[in-house]
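Participant: Next comes query24.cif, mmCIF, C-alpha atoms and all ligand atoms:
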```cif
data_entry
loop_
_atom_site.label_atom_id
_atom_site.label_comp_id
_atom_site.auth_asym_id
_atom_site.auth_seq_id
_atom_site.Cartn_x
_atom_site.Cartn_y
_atom_site.Cartn_z
CA MET L 1 107.98 119.16 81.88
CA SER L 2 109.48 117.07 84.66
CA ARG L 3 109.58 113.34 84.24
CA ARG L 4 107.60 111.04 86.55
CA LEU L 5 110.60 109.30 88.14
CA ASP L 6 113.29 111.99 87.91
CA GLY L 7 116.31 110.98 90.01
CA LYS L 8 114.65 107.97 91.65
CA VAL L 9 116.82 104.88 92.04
CA ALA L 10 114.76 101.92 90.81
CA LEU L 11 115.78 98.28 91.27
CA ILE L 12 114.00 96.04 88.75
CA THR L 13 114.36 92.25 88.79
CA GLY L 14 114.23 90.09 85.67
CA THR L 15 115.41 92.76 83.23
CA GLY L 16 116.63 90.19 80.67
CA GLY L 17 113.46 90.53 78.57
CA GLY L 18 109.68 90.85 78.61
CA GLN L 19 108.08 93.13 81.16
CA GLY L 20 111.36 93.69 83.04
CA ARG L 21 113.03 95.05 79.91
CA ALA L 22 110.05 97.26 79.04
CA ALA L 23 110.00 98.59 82.61
CA ALA L 24 113.74 99.33 82.56
CA ILE L 25 113.32 101.36 79.35
CA ARG L 26 110.16 103.18 80.51
CA PHE L 27 111.48 103.93 84.01
CA ALA L 28 114.72 105.29 82.53
CA GLN L 29 112.74 107.44 80.05
CA GLU L 30 110.86 108.80 83.07
CA GLY L 31 114.20 109.83 84.62
CA ALA L 32 114.87 106.89 86.95
CA LEU L 33 118.36 105.52 87.55
CA VAL L 34 117.72 101.83 86.89
CA VAL L 35 119.58 98.91 88.42
CA GLY L 36 118.49 95.57 87.00
CA CYS L 37 119.44 91.93 87.15
CA ASP L 38 118.64 88.63 85.49
CA LEU L 39 119.56 84.96 85.39
CA PHE L 40 120.83 85.49 81.85
CA GLU L 41 123.67 87.80 80.90
CA GLU L 42 122.96 88.24 77.18
CA GLY L 43 119.35 89.40 77.47
CA ASN L 44 120.22 91.62 80.39
CA GLN L 45 123.04 93.28 78.46
CA GLU L 46 120.68 93.87 75.52
CA THR L 47 118.39 95.71 77.93
CA VAL L 48 121.26 97.87 79.20
CA GLU L 49 122.04 98.80 75.58
CA ALA L 50 118.37 99.52 74.81
CA VAL L 51 118.12 101.81 77.85
CA LYS L 52 121.27 103.65 76.79
CA GLU L 53 119.94 104.04 73.24
CA ALA L 54 116.79 105.55 74.74
CA GLY L 55 118.99 108.09 76.55
CA GLY L 56 118.59 106.50 79.98
CA VAL L 57 120.83 105.26 82.79
CA MET L 58 120.96 101.57 83.72
CA THR L 59 123.36 99.28 85.52
CA GLY L 60 122.75 95.61 84.74
CA MET L 61 124.01 92.63 86.74
CA ALA L 62 123.93 88.99 85.58
CA PRO L 63 123.90 86.10 86.11
CA VAL L 64 121.97 86.62 89.35
CA ASN L 65 119.63 83.91 90.70
CA LEU L 66 117.31 85.61 93.17
CA SER L 67 115.78 82.34 94.36
CA ASP L 68 118.97 81.84 96.39
CA PRO L 69 118.63 84.10 99.47
CA GLN L 70 122.38 84.70 99.73
CA VAL L 71 122.57 85.74 96.09
CA ALA L 72 119.50 87.94 96.55
CA GLN L 73 121.11 89.67 99.54
CA ALA L 74 124.41 90.17 97.71
CA TRP L 75 122.60 91.64 94.67
CA VAL L 76 120.54 94.05 96.78
CA GLU L 77 123.67 95.27 98.60
CA GLU L 78 125.57 95.70 95.33
CA ALA L 79 122.60 97.40 93.65
CA ALA L 80 122.04 99.78 96.56
CA ALA L 81 125.72 100.74 96.48
CA VAL L 82 125.54 101.88 92.82
CA HIS L 83 123.72 105.14 93.65
CA GLY L 84 123.79 104.89 97.46
CA ARG L 85 120.06 104.30 97.96
CA ILE L 86 116.89 102.51 96.79
CA ASP L 87 113.70 104.46 96.08
CA VAL L 88 111.74 101.83 94.13
CA LEU L 89 111.89 98.04 94.18
CA TYR L 90 110.04 96.35 91.31
CA ASN L 91 109.81 92.59 91.93
CA ASN L 92 109.14 91.47 88.36
CA ALA L 93 111.24 88.30 87.94
CA SER L 94 109.64 84.90 88.24
CA SER L 95 109.73 81.45 86.72
CA PRO L 96 106.88 78.89 86.99
CA LYS L 97 106.31 75.25 86.05
CA PHE L 98 102.93 74.48 84.50
CA VAL L 99 101.74 70.87 84.90
CA PRO L 100 98.04 69.90 85.28
CA MET L 101 96.80 68.11 88.38
CA PRO L 102 97.51 65.49 89.58
CA ASP L 103 100.78 65.16 87.63
CA LEU L 104 102.43 68.29 89.06
CA SER L 105 105.44 66.86 90.89
CA VAL L 106 106.49 67.89 94.37
CA GLU L 107 109.72 69.20 92.82
CA ASP L 108 107.83 71.37 90.29
CA TRP L 109 105.55 72.66 93.07
CA GLN L 110 108.57 73.59 95.19
CA TYR L 111 110.42 75.10 92.20
CA THR L 112 107.46 77.36 91.42
CA ILE L 113 106.88 78.53 94.99
CA HIS L 114 110.61 79.14 95.32
CA ASN L 115 110.96 81.02 92.01
CA GLU L 116 107.70 82.99 92.10
CA LEU L 117 107.06 83.71 95.78
CA ASP L 118 110.15 83.11 97.92
CA LEU L 119 112.33 85.38 95.76
CA VAL L 120 109.90 88.29 96.27
CA PHE L 121 110.27 87.89 100.02
CA TYR L 122 114.07 87.57 99.87
CA VAL L 123 114.70 90.64 97.72
CA THR L 124 112.21 92.77 99.66
CA LYS L 125 113.56 91.69 103.04
CA PHE L 126 117.07 92.77 102.11
CA ALA L 127 115.96 95.99 100.36
CA TRP L 128 113.67 97.02 103.24
CA PRO L 129 116.24 98.97 105.33
CA TYR L 130 117.11 101.07 102.26
CA LEU L 131 113.45 101.63 101.31
CA ALA L 132 112.70 102.70 104.88
CA GLN L 133 115.38 105.41 104.81
CA ARG L 134 113.37 107.75 102.55
CA GLY L 135 109.99 106.11 102.16
CA GLY L 136 110.26 103.89 99.09
CA VAL L 137 107.87 101.98 96.85
CA ILE L 138 107.56 98.20 96.42
CA ILE L 139 105.87 96.94 93.25
CA ASN L 140 105.19 93.21 93.16
CA THR L 141 104.10 91.38 90.02
CA ALA L 142 101.15 89.13 90.74
CA SER L 143 98.83 87.90 87.95
CA THR L 144 95.24 87.31 86.97
CA SER L 145 96.18 83.78 88.12
CA ALA L 146 96.02 85.14 91.68
CA HIS L 147 92.34 85.92 91.05
CA VAL L 148 90.97 83.23 88.72
CA ALA L 149 91.87 79.66 87.76
CA THR L 150 92.31 78.33 84.22
CA ALA L 151 91.33 74.70 83.67
CA GLY L 152 93.70 72.13 82.24
CA VAL L 153 96.90 74.14 81.82
CA GLY L 154 98.63 73.31 85.09
CA MET L 155 98.22 76.47 87.11
CA ALA L 156 98.15 75.02 90.69
CA ALA L 157 101.59 76.10 91.86
CA HIS L 158 101.56 79.32 89.79
CA CYS L 159 98.14 80.39 91.15
CA ALA L 160 99.20 79.58 94.71
CA ALA L 161 102.45 81.54 94.34
CA LYS L 162 100.76 84.59 92.81
CA GLY L 163 97.99 84.45 95.44
CA GLY L 164 100.83 84.55 97.96
CA VAL L 165 102.24 87.63 96.23
CA LEU L 166 98.90 89.43 96.73
CA ALA L 167 98.84 88.57 100.44
CA LEU L 168 102.51 89.44 100.89
CA THR L 169 101.94 92.82 99.26
CA ARG L 170 99.23 93.71 101.77
CA VAL L 171 101.58 92.84 104.64
CA PHE L 172 104.44 94.84 103.10
CA ALA L 173 102.04 97.80 102.89
CA ALA L 174 100.82 97.29 106.47
CA ASP L 175 104.31 96.94 107.97
CA GLY L 176 105.71 99.61 105.66
CA GLY L 177 103.18 102.36 106.36
CA ALA L 178 104.95 103.53 109.50
CA HIS L 179 108.18 103.88 107.50
CA GLY L 180 106.63 105.69 104.54
CA ILE L 181 106.91 102.56 102.40
CA ARG L 182 104.11 101.91 99.88
CA ALA L 183 103.50 98.43 98.46
CA VAL L 184 101.29 97.71 95.45
CA SER L 185 100.89 94.58 93.33
CA ILE L 186 100.16 94.60 89.62
CA SER L 187 98.20 91.70 88.11
CA PRO L 188 98.83 91.44 84.38
CA GLY L 189 96.58 89.35 82.18
CA ALA L 190 97.92 87.66 79.04
CA ILE L 191 101.00 89.65 78.01
CA LYS L 192 103.07 88.64 75.00
CA THR L 193 106.63 88.17 76.30
CA PRO L 194 109.45 85.66 75.75
CA GLY L 195 108.15 83.75 78.79
CA SER L 196 104.52 83.53 77.65
CA ILE L 197 105.50 82.83 74.03
CA LYS L 198 107.55 79.83 75.23
CA GLU L 199 104.77 78.55 77.48
CA PHE L 200 101.70 79.34 75.43
CA PHE L 201 101.63 81.84 72.59
CA HIS L 202 103.77 79.62 70.32
CA ILE L 203 100.75 77.29 69.98
CA PRO L 204 98.92 78.04 66.70
CA GLY L 205 95.62 79.79 67.44
CA ALA L 206 96.51 80.50 71.09
CA GLU L 207 96.56 84.29 70.68
CA GLU L 208 93.17 84.33 68.91
CA ALA L 209 91.73 82.07 71.62
CA VAL L 210 92.91 84.46 74.34
CA ILE L 211 91.57 87.50 72.50
CA GLY L 212 88.21 85.71 72.40
CA GLN L 213 88.15 85.90 76.22
CA LEU L 214 88.95 89.61 76.38
CA LEU L 215 87.12 92.91 76.00
CA THR L 216 89.99 94.29 73.92
CA ASN L 217 90.89 93.25 70.38
CA ARG L 218 94.48 92.43 71.33
CA VAL L 219 96.55 90.73 74.02
CA GLY L 220 98.74 92.78 76.35
CA LEU L 221 102.22 94.09 75.62
CA PRO L 222 105.08 94.52 78.10
CA GLU L 223 104.83 98.29 77.50
CA ASP L 224 101.22 98.30 78.84
CA ILE L 225 102.42 96.99 82.20
CA ALA L 226 105.52 99.22 82.22
CA ALA L 227 103.33 102.32 81.87
CA LEU L 228 101.21 101.25 84.85
CA ALA L 229 104.30 100.42 86.92
CA ALA L 230 105.82 103.83 86.16
CA PHE L 231 102.69 105.51 87.53
CA VAL L 232 102.61 103.27 90.63
CA ALA L 233 106.29 104.05 91.30
CA SER L 234 105.76 107.80 91.01
CA ASP L 235 104.74 110.37 93.58
CA GLU L 236 101.46 110.79 91.69
CA ALA L 237 100.47 107.45 93.26
CA SER L 238 101.44 108.49 96.80
CA PHE L 239 97.91 107.72 98.13
CA MET L 240 98.03 104.21 96.67
CA THR L 241 99.18 101.33 98.86
CA GLY L 242 98.10 97.83 99.92
CA VAL L 243 96.14 97.21 96.72
CA ASP L 244 96.35 95.07 93.63
CA VAL L 245 95.83 96.66 90.20
CA LEU L 246 94.57 94.39 87.43
CA MET L 247 95.54 95.15 83.82
CA ASP L 248 94.05 92.30 81.84
CA GLY L 249 92.04 93.49 78.84
CA GLY L 250 88.84 92.81 80.77
CA LEU L 251 89.52 89.08 81.33
CA THR L 252 88.38 89.08 84.96
CA ALA L 253 85.38 91.34 84.31
CA LEU L 254 83.49 88.56 82.56
N1 LIG W 1 103.47 87.24 80.37
C1 LIG W 1 102.30 87.09 80.95
O1 LIG W 1 101.29 86.78 80.29
C2 LIG W 1 102.16 87.31 82.43
C3 LIG W 1 100.88 87.34 82.98
C4 LIG W 1 100.73 87.55 84.34
C5 LIG W 1 101.84 87.76 85.14
N2 LIG W 1 103.08 87.72 84.58
C6 LIG W 1 104.21 87.97 85.46
O2 LIG W 1 104.95 89.09 84.96
C7 LIG W 1 106.33 88.96 85.34
C8 LIG W 1 107.20 89.09 84.12
O3 LIG W 1 106.79 88.09 83.21
P1 LIG W 1 107.30 87.99 81.71
O4 LIG W 1 106.19 87.37 80.95
O5 LIG W 1 107.92 89.26 81.30
O6 LIG W 1 108.41 86.84 81.92
P2 LIG W 1 109.70 86.47 81.08
O7 LIG W 1 109.94 85.02 81.39
O8 LIG W 1 109.57 86.88 79.67
O9 LIG W 1 110.80 87.34 81.82
C9 LIG W 1 111.12 87.10 83.17
C10 LIG W 1 112.58 87.41 83.38
O10 LIG W 1 112.89 87.12 84.76
C11 LIG W 1 114.11 86.40 84.80
N3 LIG W 1 114.13 85.55 85.99
C12 LIG W 1 113.32 84.50 86.25
N4 LIG W 1 113.66 83.94 87.42
C13 LIG W 1 114.70 84.64 87.91
C14 LIG W 1 115.51 84.51 89.08
N5 LIG W 1 115.33 83.53 89.95
N6 LIG W 1 116.50 85.41 89.27
C15 LIG W 1 116.72 86.41 88.37
N7 LIG W 1 115.99 86.56 87.25
C16 LIG W 1 115.00 85.68 87.02
C17 LIG W 1 114.12 85.58 83.52
O11 LIG W 1 115.40 85.16 83.15
C18 LIG W 1 113.48 86.53 82.51
O12 LIG W 1 114.42 87.33 81.83
C19 LIG W 1 106.43 87.61 86.06
O13 LIG W 1 106.35 87.81 87.44
C20 LIG W 1 105.21 86.85 85.55
O14 LIG W 1 104.77 85.84 86.43
C21 LIG W 1 103.27 87.49 83.25
#
```
Would you give me this structure, written as structure tokens?
Facilitator:
Amino acid sequence: MSRRLDGKVALITGTGGGQGRAAAIRFAQEGALVVGCDLFEEGNQETVEAVKEAGGVMTGMAPVNLSDPQVAQAWVEEAAAVHGRIDVLYNNASSPKFVPMPDLSVEDWQYTIHNELDLVFYVTKFAWPYLAQRGGVIINTASTSAHVATAGVGMAAHCAAKGGVLALTRVFAADGGAHGIRAVSISPGAIKTPGSIKEFFHIPGAEEAVIGQLLTNRVGLPEDIAALAAFVASDEASFMTGVDVLMDGGLTAL
């Protein structure tokens, strides 16, 4: 049986852990040639090893800070040169600051917009000419935070940035259609990753509290989102563009 992503060159950002690592492993298992990057070298190298152990192909580059447009451009050029093309761009990396209103500082607001929204624009802008060559796929990671607010946990900048990712995705799809480019955003709910453990899941009782808001008896895992992303990236999803797909254990259904 052929694999979903056989021979496709997939750039994935934020492959140092969490959903980026799970996607690198899953995409490689599906036959993709993965090129990843992260701010942190150690985690990124662990992902390269994990992909190799799973029998896949991955090139990892770190440290790379995609919130600097010049660094983003240099990474895209270097990543495109590895296999000579880009078929899939998965904008997964992001880094928010959570501070409740009205104490969210201007610096934390700007940091979050810069590290959750601007970097998606930068990487996509520079990857666009490659994606347009053969009709590629852009996957942007939004969030349930783009759809609903959560009181008291400091989501203002994060919700605004992820709402921006939804809007940006629609424009990428609209401008990309003529070039055969598809753009889809994925909105994960509560997924247990290094990032969310640091921000939230380390608090005793937090996981149980989240499960109480869901229609499933568990929180999400990085592998849940990786499986969805692998489908979105594949030719089986060739009629899918300009939409957001929620995977949230039913959180937003209630
Ligand atoms: N975990 C959740 O509950 C959840 C829910 C909704 C949406 N999301 C989104 O899913 C995506 C992945 O989240 P995660 O939980 O796996 O996060 P994570 O923090 O565990 O991993 C993100 C990775 O991206 C890297 N990164 C961050 N900023 C970067 C930059 N400027 N340049 C290069 N690399 C950078 C980090 O070093 C890290 O390895 C993010 O876009 C996040 O907003 C997560």
Participant: Taking into account all atoms listed in the file, which residue in the set L:Pro204, L:Gly220, L:Gly195, L:Gly212 is nearest to L:Leu254?
Facilitator: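 Closest candidate: L:Gly212.
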Participant: Sorted by chain and rising residue number, list the residues of chain L at most 6 Å from ligand LIG 1 (chain W) (counting only C-alpha atoms and all ligand atoms), each with its closest atom pair and distance in Å to one decimal, as a tab-separated table.
Facilitator:
```
residue	atom	partner	partner_atom	distance
L:Gly14	CA	W:LIG1	O10	3.4
L:Thr15	CA	W:LIG1	O12	5.7
L:Gly16	CA	W:LIG1	O12	3.8
L:Gly17	CA	W:LIG1	O12	4.7
L:Gly18	CA	W:LIG1	O5	3.6
L:Gln19	CA	W:LIG1	O5	3.9
L:Gly20	CA	W:LIG1	O5	5.9
L:Asp38	CA	W:LIG1	N7	3.8
L:Leu39	CA	W:LIG1	N7	4.3
L:Phe40	CA	W:LIG1	O11	5.6
L:Val64	CA	W:LIG1	C15	5.3
L:Asn65	CA	W:LIG1	N6	3.8
L:Leu66	CA	W:LIG1	N6	4.0
L:Ser67	CA	W:LIG1	N5	4.6
L:Asn92	CA	W:LIG1	O13	4.7
L:Ala93	CA	W:LIG1	O10	3.8
L:Ser94	CA	W:LIG1	C12	4.2
L:Ser95	CA	W:LIG1	N4	4.7
L:Asn115	CA	W:LIG1	N5	5.4
L:Thr141	CA	W:LIG1	O13	4.9
L:Ala142	CA	W:LIG1	C5	5.8
L:Ser143	CA	W:LIG1	C4	4.1
L:Pro188	CA	W:LIG1	C4	4.3
L:Gly189	CA	W:LIG1	C3	4.8
L:Ala190	CA	W:LIG1	O1	3.7
L:Ile191	CA	W:LIG1	O1	3.7
L:Lys192	CA	W:LIG1	N1	5.6
L:Thr193	CA	W:LIG1	O8	4.7
L:Pro194	CA	W:LIG1	O8	4.1
L:Gly195	CA	W:LIG1	O7	3.4
L:Ser196	CA	W:LIG1	N1	4.7
```
Participant: Out of L:Gly36, L:Glu30, L:Arg21, L:Gly60, which residue has the shortest atom-to-atom distance to L:Arg4 when counting only C-alpha atoms?
Facilitator: L:Glu30
Participant: Which residues come within 8 Å of L:Val243, counting all atoms listed in the file, excluding same-chain residues fewer than 4 positions away, as a PyMOL selection string?
Facilitator: chain L and resi 169-170+183-185
Participant: List as a list in words the protein and nucleic acid residues near L:Asn91, meaning an atom at most 9 Å away when all atoms listed in the file are counted, but skip any in the same chain fewer than 6 places from it.
Facilitator: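 Here the answer would be Leu11, Ile12, Thr13, Gly14, Leu119, Val120, Val123, Thr124, Ile138, Ile139, Asn140 and Thr141 of chain L.
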Participant: Would you kindly return, as a CSV table (one decimal) with C-alpha atoms, keeping the file's coordinate frame, each protein, DNA or RNA residue with an atom no farther than 6 Å from any atom of L:Ala161, considering all atoms listed in the file and excluding same-chain residues fewer than 3 positions away?
Facilitator:
```csv
chain,number,residue,atom,x,y,z
L,113,ILE,CA,106.9,78.5,95.0
L,116,GLU,CA,107.7,83.0,92.1
L,117,LEU,CA,107.1,83.7,95.8
L,158,HIS,CA,101.6,79.3,89.8
L,164,GLY,CA,100.8,84.6,98.0
```
Participant: Contacts of L:Val82 at 9 Å or less, counting only C-alpha atoms, minus same-chain residues fewer than 3 places along, as number ranges by chain?
Facilitator: L: 35, 59, 77-79, 85
Participant: Separation of atom CA of L:Phe126 and atom CA of L:Gln110, in Å?
Facilitator: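 Separation between atom CA of L:Phe126 and atom CA of L:Gln110: 22.1 Å.
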